[in-house]
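Structure file final17.pdb; described as PDB, C-alpha atoms.
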```
ATOM      1  CA  ASP A  28      11.911  20.738 -18.567
ATOM      2  CA  GLN A  29      12.269  18.205 -15.781
ATOM      3  CA  GLN A  30      14.987  19.129 -13.331
ATOM      4  CA  VAL A  31      14.799  15.838 -11.434
ATOM      5  CA  LYS A  32      14.483  12.652 -13.438
ATOM      6  CA  GLN A  33      13.792   9.105 -12.415
ATOM      7  CA  ASN A  34      14.116   7.245 -15.675
ATOM      8  CA  SER A  35      12.921   3.870 -14.446
ATOM      9  CA  PRO A  36       9.163   3.884 -13.815
ATOM     10  CA  SER A  37       9.385   0.477 -12.177
ATOM     11  CA  LEU A  38      11.816  -2.002 -10.662
ATOM     12  CA  SER A  39      11.313  -5.562  -9.521
ATOM     13  CA  VAL A  40      13.727  -7.420  -7.213
ATOM     14  CA  GLN A  41      13.770 -10.576  -5.155
ATOM     15  CA  GLU A  42      13.507 -10.451  -1.390
ATOM     16  CA  GLY A  43      16.939 -10.351   0.213
ATOM     17  CA  ARG A  44      18.635  -8.848  -2.832
ATOM     18  CA  ILE A  45      19.748  -5.266  -3.338
ATOM     19  CA  SER A  46      17.405  -2.646  -4.793
ATOM     20  CA  ILE A  47      19.037   0.280  -6.557
ATOM     21  CA  LEU A  48      16.906   3.258  -7.480
ATOM     22  CA  ASN A  49      18.427   5.993  -9.593
ATOM     23  CA  CYS A  50      17.852   9.697  -9.947
ATOM     24  CA  ASP A  51      19.435  12.352 -12.163
ATOM     25  CA  TYR A  52      19.210  16.105 -11.860
ATOM     26  CA  THR A  53      20.069  18.998 -14.107
ATOM     27  CA  ASN A  54      20.119  22.047 -11.837
ATOM     28  CA  SER A  55      23.630  22.601 -10.471
ATOM     29  CA  MET A  56      22.156  24.826  -7.753
ATOM     30  CA  PHE A  57      20.605  21.831  -6.017
ATOM     31  CA  ASP A  58      22.467  21.198  -2.789
ATOM     32  CA  TYR A  59      20.202  18.897  -0.830
ATOM     33  CA  PHE A  60      18.576  15.683  -1.932
ATOM     34  CA  LEU A  61      15.866  13.561  -0.389
ATOM     35  CA  TRP A  62      14.119  10.264  -0.964
ATOM     36  CA  TYR A  63      10.480   9.757  -0.110
ATOM     37  CA  LYS A  64       8.522   6.537   0.000
ATOM     38  CA  LYS A  65       4.848   6.305  -0.861
ATOM     39  CA  TYR A  66       2.395   3.488  -0.306
ATOM     40  CA  PRO A  67      -0.926   3.396  -2.207
ATOM     41  CA  ALA A  68      -3.613   5.698  -0.797
ATOM     42  CA  GLU A  69      -1.104   7.338   1.542
ATOM     43  CA  GLY A  70       0.991  10.478   1.388
ATOM     44  CA  PRO A  71       4.763  10.369   0.821
ATOM     45  CA  THR A  72       6.942   9.846   3.869
ATOM     46  CA  PHE A  73      10.501  11.031   4.236
ATOM     47  CA  LEU A  74      13.061   8.240   4.021
ATOM     48  CA  ILE A  75      16.602   9.582   3.840
ATOM     49  CA  SER A  76      18.485  12.660   2.677
ATOM     50  CA  ILE A  77      21.965  13.798   1.715
ATOM     51  CA  SER A  78      23.680  17.140   1.568
ATOM     52  CA  SER A  79      25.897  18.036  -1.371
ATOM     53  CA  ILE A  80      28.914  18.189   0.950
ATOM     54  CA  LYS A  81      28.679  14.424   1.364
ATOM     55  CA  ASP A  82      28.778  11.565  -1.092
ATOM     56  CA  LYS A  83      27.124   8.930   1.055
ATOM     57  CA  ASN A  84      24.576   8.728   3.835
ATOM     58  CA  GLU A  85      23.452   5.537   5.488
ATOM     59  CA  ASP A  86      20.465   4.705   7.665
ATOM     60  CA  GLY A  87      19.984   1.044   8.435
ATOM     61  CA  ARG A  88      19.190  -0.826   5.238
ATOM     62  CA  PHE A  89      19.028   2.405   3.237
ATOM     63  CA  THR A  90      22.024   4.172   1.735
ATOM     64  CA  VAL A  91      21.998   7.167  -0.570
ATOM     65  CA  PHE A  92      24.971   7.901  -2.811
ATOM     66  CA  LEU A  93      25.587  11.245  -4.467
ATOM     67  CA  ASN A  94      27.828  11.826  -7.491
ATOM     68  CA  LYS A  95      27.859  15.587  -7.974
ATOM     69  CA  SER A  96      30.004  15.582 -11.076
ATOM     70  CA  ALA A  97      27.532  13.275 -12.790
ATOM     71  CA  LYS A  98      24.521  14.974 -11.182
ATOM     72  CA  HIS A  99      23.344  11.560 -10.115
ATOM     73  CA  LEU A 100      22.141   9.990  -6.925
ATOM     74  CA  SER A 101      21.013   6.527  -6.052
ATOM     75  CA  LEU A 102      19.191   4.809  -3.230
ATOM     76  CA  HIS A 103      20.340   1.348  -2.211
ATOM     77  CA  ILE A 104      18.162  -0.929  -0.131
ATOM     78  CA  VAL A 105      19.911  -3.965   1.297
ATOM     79  CA  PRO A 106      18.463  -6.442   1.937
ATOM     80  CA  SER A 107      15.178  -5.709   0.202
ATOM     81  CA  GLN A 108      11.999  -6.786   1.966
ATOM     82  CA  PRO A 109       8.445  -7.190   0.629
ATOM     83  CA  GLY A 110       7.376  -4.285   2.854
ATOM     84  CA  ASP A 111       9.692  -2.046   0.849
ATOM     85  CA  SER A 112       7.341  -2.369  -2.133
ATOM     86  CA  ALA A 113       6.226   1.219  -2.763
ATOM     87  CA  VAL A 114       6.801   4.183  -5.037
ATOM     88  CA  TYR A 115      10.048   5.994  -4.304
ATOM     89  CA  PHE A 116      10.413   9.669  -5.117
ATOM     90  CA  CYS A 117      13.668  11.522  -5.448
ATOM     91  CA  ALA A 118      13.540  15.237  -4.550
ATOM     92  CA  ALA A 119      16.003  18.098  -4.610
ATOM     93  CA  SER A 120      16.305  21.517  -3.075
ATOM     94  CA  ALA A 121      18.464  24.517  -3.909
ATOM     95  CA  GLN A 122      18.216  25.938  -0.425
ATOM     96  CA  GLY A 123      19.812  23.363   1.803
ATOM     97  CA  GLY A 124      16.768  21.247   2.475
ATOM     98  CA  SER A 125      14.182  23.983   2.606
ATOM     99  CA  GLU A 126      10.563  23.782   1.642
ATOM    100  CA  LYS A 127      10.962  24.309  -2.113
ATOM    101  CA  LEU A 128      11.446  20.751  -3.274
ATOM    102  CA  VAL A 129      11.491  19.558  -6.876
ATOM    103  CA  PHE A 130      10.354  15.945  -7.202
ATOM    104  CA  GLY A 131      11.003  13.250  -9.743
ATOM    105  CA  LYS A 132       8.083  11.243 -11.074
ATOM    106  CA  GLY A 133       8.850   8.219  -8.958
ATOM    107  CA  THR A 134       9.939   4.603  -9.359
ATOM    108  CA  LYS A 135       7.626   1.800  -8.340
ATOM    109  CA  LEU A 136       9.596  -0.868  -6.498
ATOM    110  CA  THR A 137       8.207  -4.362  -6.166
ATOM    111  CA  VAL A 138      10.010  -6.784  -3.888
ATOM    112  CA  ASN A 139       8.960 -10.349  -4.567
ATOM    113  CA  PRO A 140       8.979 -12.914  -1.746
TER     114      PRO A 140
ATOM    115  CA  ASP B  20      -0.724   9.706  16.828
ATOM    116  CA  ALA B  21      -0.363  13.126  15.179
ATOM    117  CA  ARG B  22      -1.252  13.253  11.528
ATOM    118  CA  VAL B  23      -2.278  15.619   8.772
ATOM    119  CA  THR B  24      -5.960  15.204   7.971
ATOM    120  CA  GLN B  25      -7.358  15.966   4.529
ATOM    121  CA  THR B  26     -10.995  16.049   3.492
ATOM    122  CA  PRO B  27     -12.576  14.851   1.355
ATOM    123  CA  ARG B  28     -10.515  11.799   0.420
ATOM    124  CA  HIS B  29     -12.247  11.565  -2.952
ATOM    125  CA  LYS B  30     -14.167  14.121  -4.962
ATOM    126  CA  VAL B  31     -15.872  13.783  -8.323
ATOM    127  CA  THR B  32     -17.267  16.968  -9.762
ATOM    128  CA  GLU B  33     -18.449  18.374 -13.036
ATOM    129  CA  MET B  34     -16.421  20.820 -15.025
ATOM    130  CA  GLY B  35     -17.153  24.395 -13.995
ATOM    131  CA  GLN B  36     -18.021  23.581 -10.403
ATOM    132  CA  GLU B  37     -16.181  24.956  -7.389
ATOM    133  CA  VAL B  38     -14.066  22.515  -5.437
ATOM    134  CA  THR B  39     -12.800  23.078  -1.906
ATOM    135  CA  MET B  40     -10.222  20.807  -0.313
ATOM    136  CA  ARG B  41      -9.447  21.068   3.378
ATOM    137  CA  CYS B  42      -6.433  20.243   5.477
ATOM    138  CA  GLN B  43      -5.912  20.103   9.211
ATOM    139  CA  PRO B  44      -2.166  20.346   9.878
ATOM    140  CA  ILE B  45      -0.475  18.709  12.820
ATOM    141  CA  LEU B  46      -0.948  20.809  15.945
ATOM    142  CA  GLY B  47       2.066  23.025  16.474
ATOM    143  CA  HIS B  48       3.293  22.860  12.895
ATOM    144  CA  ASN B  49       3.685  26.336  11.463
ATOM    145  CA  THR B  50       4.478  25.492   7.842
ATOM    146  CA  VAL B  51       1.806  24.101   5.529
ATOM    147  CA  PHE B  52       2.304  22.927   1.950
ATOM    148  CA  TRP B  53      -0.041  22.068  -0.889
ATOM    149  CA  TYR B  54       1.207  19.618  -3.531
ATOM    150  CA  ARG B  55      -0.437  18.142  -6.619
ATOM    151  CA  GLN B  56       0.415  14.751  -8.070
ATOM    152  CA  THR B  57      -0.339  13.861 -11.695
ATOM    153  CA  MET B  58       0.950  11.141 -13.973
ATOM    154  CA  MET B  59       2.433  13.678 -16.363
ATOM    155  CA  GLN B  60       4.071  16.095 -13.921
ATOM    156  CA  GLY B  61       4.604  14.000 -10.820
ATOM    157  CA  LEU B  62       4.558  15.865  -7.497
ATOM    158  CA  GLU B  63       4.468  19.649  -7.801
ATOM    159  CA  LEU B  64       4.514  22.240  -5.049
ATOM    160  CA  LEU B  65       1.527  24.531  -5.499
ATOM    161  CA  ALA B  66       1.831  26.835  -2.490
ATOM    162  CA  TYR B  67       2.991  27.015   1.088
ATOM    163  CA  PHE B  68       2.366  29.032   4.210
ATOM    164  CA  ARG B  69       4.293  29.839   7.332
ATOM    165  CA  ASN B  70       2.458  31.047  10.412
ATOM    166  CA  ARG B  71      -0.629  31.267   8.168
ATOM    167  CA  ALA B  72       0.993  33.774   5.814
ATOM    168  CA  PRO B  73       1.385  32.719   2.181
ATOM    169  CA  LEU B  74       5.077  32.543   1.282
ATOM    170  CA  ASP B  75       4.987  31.224  -2.239
ATOM    171  CA  ASP B  76       2.156  30.306  -4.565
ATOM    172  CA  SER B  77       4.109  30.453  -7.798
ATOM    173  CA  GLY B  78       3.254  26.836  -8.577
ATOM    174  CA  MET B  79      -0.445  27.524  -8.582
ATOM    175  CA  PRO B  80      -2.578  28.585 -11.576
ATOM    176  CA  LYS B  81      -3.634  32.000 -10.303
ATOM    177  CA  ASP B  82      -6.765  32.438 -12.334
ATOM    178  CA  ARG B  83      -8.668  29.536 -10.847
ATOM    179  CA  PHE B  84      -6.802  28.337  -7.753
ATOM    180  CA  SER B  85      -6.664  29.952  -4.343
ATOM    181  CA  ALA B  86      -5.150  28.812  -1.074
ATOM    182  CA  GLU B  87      -5.847  30.203   2.371
ATOM    183  CA  MET B  88      -5.332  29.500   6.046
ATOM    184  CA  PRO B  89      -8.330  30.936   7.901
ATOM    185  CA  ASP B  90      -6.753  29.776  11.149
ATOM    186  CA  ALA B  91      -3.860  27.673  12.388
ATOM    187  CA  THR B  92      -5.919  24.488  12.296
ATOM    188  CA  LEU B  93      -7.302  24.785   8.768
ATOM    189  CA  ALA B  94      -5.834  25.234   5.309
ATOM    190  CA  THR B  95      -8.018  25.304   2.204
ATOM    191  CA  LEU B  96      -7.358  24.923  -1.488
ATOM    192  CA  LYS B  97     -10.109  26.073  -3.828
ATOM    193  CA  ILE B  98     -10.543  25.627  -7.538
ATOM    194  CA  GLN B  99     -13.136  27.754  -9.283
ATOM    195  CA  PRO B 100     -14.093  26.897 -11.949
ATOM    196  CA  SER B 101     -12.722  23.369 -12.087
ATOM    197  CA  GLU B 102     -11.520  21.815 -15.343
ATOM    198  CA  PRO B 103     -10.797  18.207 -16.348
ATOM    199  CA  ARG B 104      -7.051  18.961 -16.373
ATOM    200  CA  ASP B 105      -7.288  19.653 -12.630
ATOM    201  CA  SER B 106      -7.901  15.948 -12.020
ATOM    202  CA  ALA B 107      -5.091  14.834  -9.730
ATOM    203  CA  VAL B 108      -4.285  13.867  -6.168
ATOM    204  CA  TYR B 109      -3.799  16.919  -3.966
ATOM    205  CA  PHE B 110      -1.618  16.523  -0.890
ATOM    206  CA  CYS B 111      -1.327  18.755   2.104
ATOM    207  CA  ALA B 112       1.770  18.545   4.287
ATOM    208  CA  SER B 113       2.783  20.325   7.462
ATOM    209  CA  GLY B 114       6.060  20.798   9.267
ATOM    210  CA  PRO B 115       7.375  22.427  12.426
ATOM    211  CA  ASP B 116       9.793  24.668  10.520
ATOM    212  CA  ARG B 117      11.198  25.341   7.080
ATOM    213  CA  TRP B 118      12.953  21.994   6.659
ATOM    214  CA  ALA B 119      11.237  19.752   4.179
ATOM    215  CA  THR B 120      12.643  16.645   5.845
ATOM    216  CA  GLU B 121      10.354  17.227   8.785
ATOM    217  CA  ALA B 122       7.167  17.683   6.792
ATOM    218  CA  PHE B 123       4.405  15.127   7.195
ATOM    219  CA  PHE B 124       1.995  14.477   4.349
ATOM    220  CA  GLY B 125      -1.721  13.829   4.541
ATOM    221  CA  GLN B 126      -3.365  10.981   2.668
ATOM    222  CA  GLY B 127      -4.425  13.231  -0.162
ATOM    223  CA  THR B 128      -7.642  14.213  -1.916
ATOM    224  CA  ARG B 129      -8.218  12.438  -5.213
ATOM    225  CA  LEU B 130     -10.055  14.906  -7.451
ATOM    226  CA  THR B 131     -11.773  13.872 -10.655
ATOM    227  CA  VAL B 132     -13.319  16.573 -12.831
ATOM    228  CA  VAL B 133     -15.625  15.222 -15.531
TER     229      VAL B 133
END
```
Take the structure from the file and write it as structure tokens.
Amino acid sequence: DQQVKQNSPSLSVQEGRISILNCDYTNSMFDYFLWYKKYPAEGPTFLISISSIKDKNEDGRFTVFLNKSAKHLSLHIVPSQPGDSAVYFCAASAQGGSEKLVFGKGTKLTVNP
Amino acid sequence: DARVTQTPRHKVTEMGQEVTMRCQPILGHNTVFWYRQTMMQGLELLAYFRNRAPLDDSGMPKDRFSAEMPDATLATLKIQPSEPRDSAVYFCASGPDRWATEAFFGQGTRLTVV
């Protein structure tokens, strides 16, 4: 039973447009959510996070939105750049951002020039 | 440029053989994680250590997998005997404390068991 789901395996957008990556979770105990970015042949790198006490967190071109009632979060990238092409993983924790993370399977984003 | 170093980067082995994967965490980081990435399951936490002591290995198949930290500069993940279903990319990550946001991942070991 997958507790964190990324239902879109892939997404393709044009450079300069908005990329929206979605993530759903089932465990109501999750209280901290993270997005990681992964390039081929590299390990994941932390991108942005959000606590369950917030509904939005912004860092430059990246914004994460959390809808607790729907158990849904999304990552918005505006404007998208070709260098953003990577696999994006959603992750969740039930201990306020501690080490026990549950990951989704990832969404491959391709930003076309 | 501090980074987590994993060796080997690629490993092809025959079923039944022992496999050892190594990780050198970032100097000063006291928390070390082992993850496995497969197409079916995605990224799964296998085990993690703090100050070299194992804190949780509930994600690891106990009968064939073992993880250790012989010293602060080396973490190992062993599979004995290996099986084709163990084929995956194994990532090591280290962090300065318990917060996952501060963990840095290595480049991974791609294991293929034939």
Task: Selection near Val91 in chain A, 6 Å with only C-alpha atoms, sequence-local residues under 3 positions removed, as a PyMOL selection string - done: chain A and resi 83-84+101-102
Open item on the list: If we count all atoms listed in the file and set the cut-off at 8 Å, which residues sit around Asp76 in chain B, ignoring sequence neighbours fewer than 4 positions away in its own chain? Please answer as a ChimeraX atom specification.
Closed with: /B:65-67
Dump of C-alpha atoms for the selected residues, as a tab-separated table (two decimals), keeping the file's coordinate frame:
```tsv
chain	number	residue	atom	x	y	z
B	65	LEU	CA	1.53	24.53	-5.50
B	66	ALA	CA	1.83	26.84	-2.49
B	67	TYR	CA	2.99	27.02	1.09
```
Sorted by chain and rising residue number, which residues of chain A lie within 10 Å of chain B, and what are their closest atom pairs and distances in Å to one decimal, counting all atoms listed in the file, as CSV?
```
residue,atom,partner,partner_atom,distance
A:Gln29,CA,B:Gln60,CA,8.7
A:Phe60,CA,B:Thr120,CA,9.8
A:Leu61,CA,B:Thr120,CA,7.7
A:Trp62,CA,B:Thr120,CA,9.4
A:Tyr63,CA,B:Thr120,CA,9.4
A:Tyr66,CA,B:Gln126,CA,9.9
A:Pro67,CA,B:Gln126,CA,9.3
A:Ala68,CA,B:Gln126,CA,6.3
A:Glu69,CA,B:Gln126,CA,4.4
A:Gly70,CA,B:Gln126,CA,4.6
A:Pro71,CA,B:Phe124,CA,6.1
A:Thr72,CA,B:Phe123,CA,6.7
A:Phe73,CA,B:Thr120,CA,6.2
A:Leu74,CA,B:Thr120,CA,8.6
A:Ile75,CA,B:Thr120,CA,8.3
A:Ser76,CA,B:Thr120,CA,7.7
A:Phe116,CA,B:Leu62,CA,8.9
A:Ala118,CA,B:Leu62,CA,9.5
A:Ser120,CA,B:Ala119,CA,9.0
A:Gln122,CA,B:Trp118,CA,9.7
A:Gly123,CA,B:Trp118,CA,8.5
A:Gly124,CA,B:Trp118,CA,5.7
A:Ser125,CA,B:Trp118,CA,4.7
A:Glu126,CA,B:Ala119,CA,4.8
A:Lys127,CA,B:Leu64,CA,7.4
A:Leu128,CA,B:Leu64,CA,7.3
A:Val129,CA,B:Glu63,CA,7.1
A:Phe130,CA,B:Leu62,CA,5.8
A:Gly131,CA,B:Gly61,CA,6.5
A:Lys132,CA,B:Gly61,CA,4.4
A:Gly133,CA,B:Gly61,CA,7.4
```
Task: Output of the PyMOL selection byres ((chain B and resi 89) around 12), listed as a list in words - done: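 Taken on the displayed file, the PyMOL selection byres ((chain B and resi 89) around 12) yields the residues Arg41, Cys42, Gln43, Phe68, Asn70, Arg71, Ala72, Pro73, Ala86, Glu87, Met88, Asp90, Ala91, Thr92, Leu93, Ala94, Thr95 and Leu96 of chain B.
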Take the PyMOL selection byres ((chain A and resi 98) around 7), run it mentally on this structure, and tell me the resulting residues as a PDB file with C-alpha atoms, in the coordinates of the input.
```pdb
ATOM      1  CA  ASP A  51      19.435  12.352 -12.163  1.00  0.00           C
ATOM      2  CA  TYR A  52      19.210  16.105 -11.860  1.00  0.00           C
ATOM      3  CA  THR A  53      20.069  18.998 -14.107  1.00  0.00           C
ATOM      4  CA  ASN A  94      27.828  11.826  -7.491  1.00  0.00           C
ATOM      5  CA  LYS A  95      27.859  15.587  -7.974  1.00  0.00           C
ATOM      6  CA  SER A  96      30.004  15.582 -11.076  1.00  0.00           C
ATOM      7  CA  ALA A  97      27.532  13.275 -12.790  1.00  0.00           C
ATOM      8  CA  HIS A  99      23.344  11.560 -10.115  1.00  0.00           C
ATOM      9  CA  LEU A 100      22.141   9.990  -6.925  1.00  0.00           C
TER      10      LEU A 100
END
```
- [ ] Run through the PyMOL selection byres ((chain A and resi 79) around 6) on the given coordinates and return the selected residues as a list in words.
- [x]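 Given this file, the PyMOL selection byres ((chain A and resi 79) around 6) evaluates to Asp58, Tyr59, Ser78, Ile80 and Lys81 of chain A.
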- [ ] Could you check how far CA of Gln33 in chain A sits from CA of Lys135 in chain A, in Å to one decimal?
- [x]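 Separating CA of Gln33 in chain A from CA of Lys135 in chain A is a distance of 10.4 Å.
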TODO: Determine, counting all atoms listed in the file, every residue of protein, DNA or RNA that lies within 10 Å of (18.9, -3.9, -8.4) in the file coordinates, then give the result as a PyMOL selection string.
DONE: chain A and resi 38-41+44-49+103-105+107+136
Open item on the list: Report, in Å with one decimal, the straight-line distance from CA of Gly47 in chain B to CA of Pro27 in chain B.
Closed with: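 These two atoms are separated by 22.6 Å.
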Task: For CA of Ala121 in chain A and CA of His48 in chain B, the interatomic separation in Å (one decimal) - done: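 Rounded to one decimal, the two atoms are 22.7 Å apart.
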Report the centre and edge lengths, in Å to one decimal, of an axis-aligned box enclosing every atom of range 55-68 of chain B listed in the file, padded by 5 Å on each side, as JSON.
```
{"center_x": 2.1, "center_y": 20.1, "center_z": -6.1, "size_x": 15.0, "size_y": 27.9, "size_z": 30.6}
```
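The nearest approach to Gln108 in chain A among the residues A:Asn139, A:Thr134, A:Thr90, A:Ser55, with only C-alpha atoms taken into account, belongs to A:Asn139.
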Could you add the missing atoms to range 25-51 of chain B, up to N, CA and C atoms, and return them as an mmCIF file, in the frame of the given file?
```cif
data_model
loop_
_atom_site.group_PDB
_atom_site.id
_atom_site.type_symbol
_atom_site.label_atom_id
_atom_site.label_comp_id
_atom_site.auth_asym_id
_atom_site.auth_seq_id
_atom_site.Cartn_x
_atom_site.Cartn_y
_atom_site.Cartn_z
ATOM 1 N N GLN B 25 -6.828 15.303 5.712
ATOM 2 C CA GLN B 25 -7.358 15.966 4.529
ATOM 3 C C GLN B 25 -8.773 15.467 4.264
ATOM 4 N N THR B 26 -9.633 16.409 3.889
ATOM 5 C CA THR B 26 -10.995 16.049 3.492
ATOM 6 C C THR B 26 -11.393 16.835 2.258
ATOM 7 N N PRO B 27 -12.205 16.259 1.354
ATOM 8 C CA PRO B 27 -12.576 14.851 1.355
ATOM 9 C C PRO B 27 -11.430 13.987 0.848
ATOM 10 N N ARG B 28 -11.534 12.695 0.962
ATOM 11 C CA ARG B 28 -10.515 11.799 0.420
ATOM 12 C C ARG B 28 -10.696 11.634 -1.091
ATOM 13 N N HIS B 29 -11.932 11.676 -1.525
ATOM 14 C CA HIS B 29 -12.247 11.565 -2.952
ATOM 15 C C HIS B 29 -13.307 12.593 -3.307
ATOM 16 N N LYS B 30 -13.180 13.148 -4.512
ATOM 17 C CA LYS B 30 -14.167 14.121 -4.962
ATOM 18 C C LYS B 30 -14.320 13.985 -6.471
ATOM 19 N N VAL B 31 -15.557 13.790 -6.902
ATOM 20 C CA VAL B 31 -15.872 13.783 -8.323
ATOM 21 C C VAL B 31 -16.811 14.949 -8.565
ATOM 22 N N THR B 32 -16.463 15.792 -9.517
ATOM 23 C CA THR B 32 -17.267 16.968 -9.762
ATOM 24 C C THR B 32 -17.345 17.236 -11.261
ATOM 25 N N GLU B 33 -18.308 18.032 -11.618
ATOM 26 C CA GLU B 33 -18.449 18.374 -13.036
ATOM 27 C C GLU B 33 -17.641 19.624 -13.356
ATOM 28 N N MET B 34 -17.174 19.664 -14.561
ATOM 29 C CA MET B 34 -16.421 20.820 -15.025
ATOM 30 C C MET B 34 -17.210 22.100 -14.763
ATOM 31 N N GLY B 35 -16.508 23.119 -14.262
ATOM 32 C CA GLY B 35 -17.153 24.395 -13.995
ATOM 33 C C GLY B 35 -17.575 24.582 -12.549
ATOM 34 N N GLN B 36 -17.619 23.491 -11.806
ATOM 35 C CA GLN B 36 -18.021 23.581 -10.403
ATOM 36 C C GLN B 36 -16.853 24.018 -9.521
ATOM 37 N N GLU B 37 -17.192 24.586 -8.374
ATOM 38 C CA GLU B 37 -16.181 24.956 -7.389
ATOM 39 C C GLU B 37 -15.819 23.742 -6.544
ATOM 40 N N VAL B 38 -14.555 23.613 -6.275
ATOM 41 C CA VAL B 38 -14.066 22.515 -5.437
ATOM 42 C C VAL B 38 -13.278 23.118 -4.279
ATOM 43 N N THR B 39 -13.562 22.648 -3.082
ATOM 44 C CA THR B 39 -12.800 23.078 -1.906
ATOM 45 C C THR B 39 -12.228 21.854 -1.216
ATOM 46 N N MET B 40 -10.917 21.877 -1.028
ATOM 47 C CA MET B 40 -10.222 20.807 -0.313
ATOM 48 C C MET B 40 -9.701 21.383 0.998
ATOM 49 N N ARG B 41 -9.808 20.594 2.049
ATOM 50 C CA ARG B 41 -9.447 21.068 3.378
ATOM 51 C C ARG B 41 -8.320 20.239 3.977
ATOM 52 N N CYS B 42 -7.581 20.893 4.845
ATOM 53 C CA CYS B 42 -6.433 20.243 5.477
ATOM 54 C C CYS B 42 -6.325 20.719 6.921
ATOM 55 N N GLN B 43 -6.184 19.763 7.818
ATOM 56 C CA GLN B 43 -5.912 20.103 9.211
ATOM 57 C C GLN B 43 -4.460 19.711 9.483
ATOM 58 N N PRO B 44 -3.573 20.688 9.637
ATOM 59 C CA PRO B 44 -2.166 20.346 9.878
ATOM 60 C C PRO B 44 -1.972 19.784 11.279
ATOM 61 N N ILE B 45 -0.817 19.215 11.496
ATOM 62 C CA ILE B 45 -0.475 18.709 12.820
ATOM 63 C C ILE B 45 -0.362 19.897 13.780
ATOM 64 N N LEU B 46 -0.954 19.735 14.951
ATOM 65 C CA LEU B 46 -0.948 20.809 15.945
ATOM 66 C C LEU B 46 0.488 21.213 16.275
ATOM 67 N N GLY B 47 0.733 22.523 16.174
ATOM 68 C CA GLY B 47 2.066 23.025 16.474
ATOM 69 C C GLY B 47 2.944 23.229 15.260
ATOM 70 N N HIS B 48 2.535 22.645 14.129
ATOM 71 C CA HIS B 48 3.293 22.860 12.895
ATOM 72 C C HIS B 48 2.937 24.214 12.311
ATOM 73 N N ASN B 49 3.963 24.988 11.945
ATOM 74 C CA ASN B 49 3.685 26.336 11.463
ATOM 75 C C ASN B 49 3.892 26.503 9.962
ATOM 76 N N THR B 50 4.302 25.422 9.286
ATOM 77 C CA THR B 50 4.478 25.492 7.842
ATOM 78 C C THR B 50 3.545 24.478 7.185
ATOM 79 N N VAL B 51 2.782 24.945 6.217
ATOM 80 C CA VAL B 51 1.806 24.101 5.529
ATOM 81 C C VAL B 51 2.037 24.188 4.030
#
```
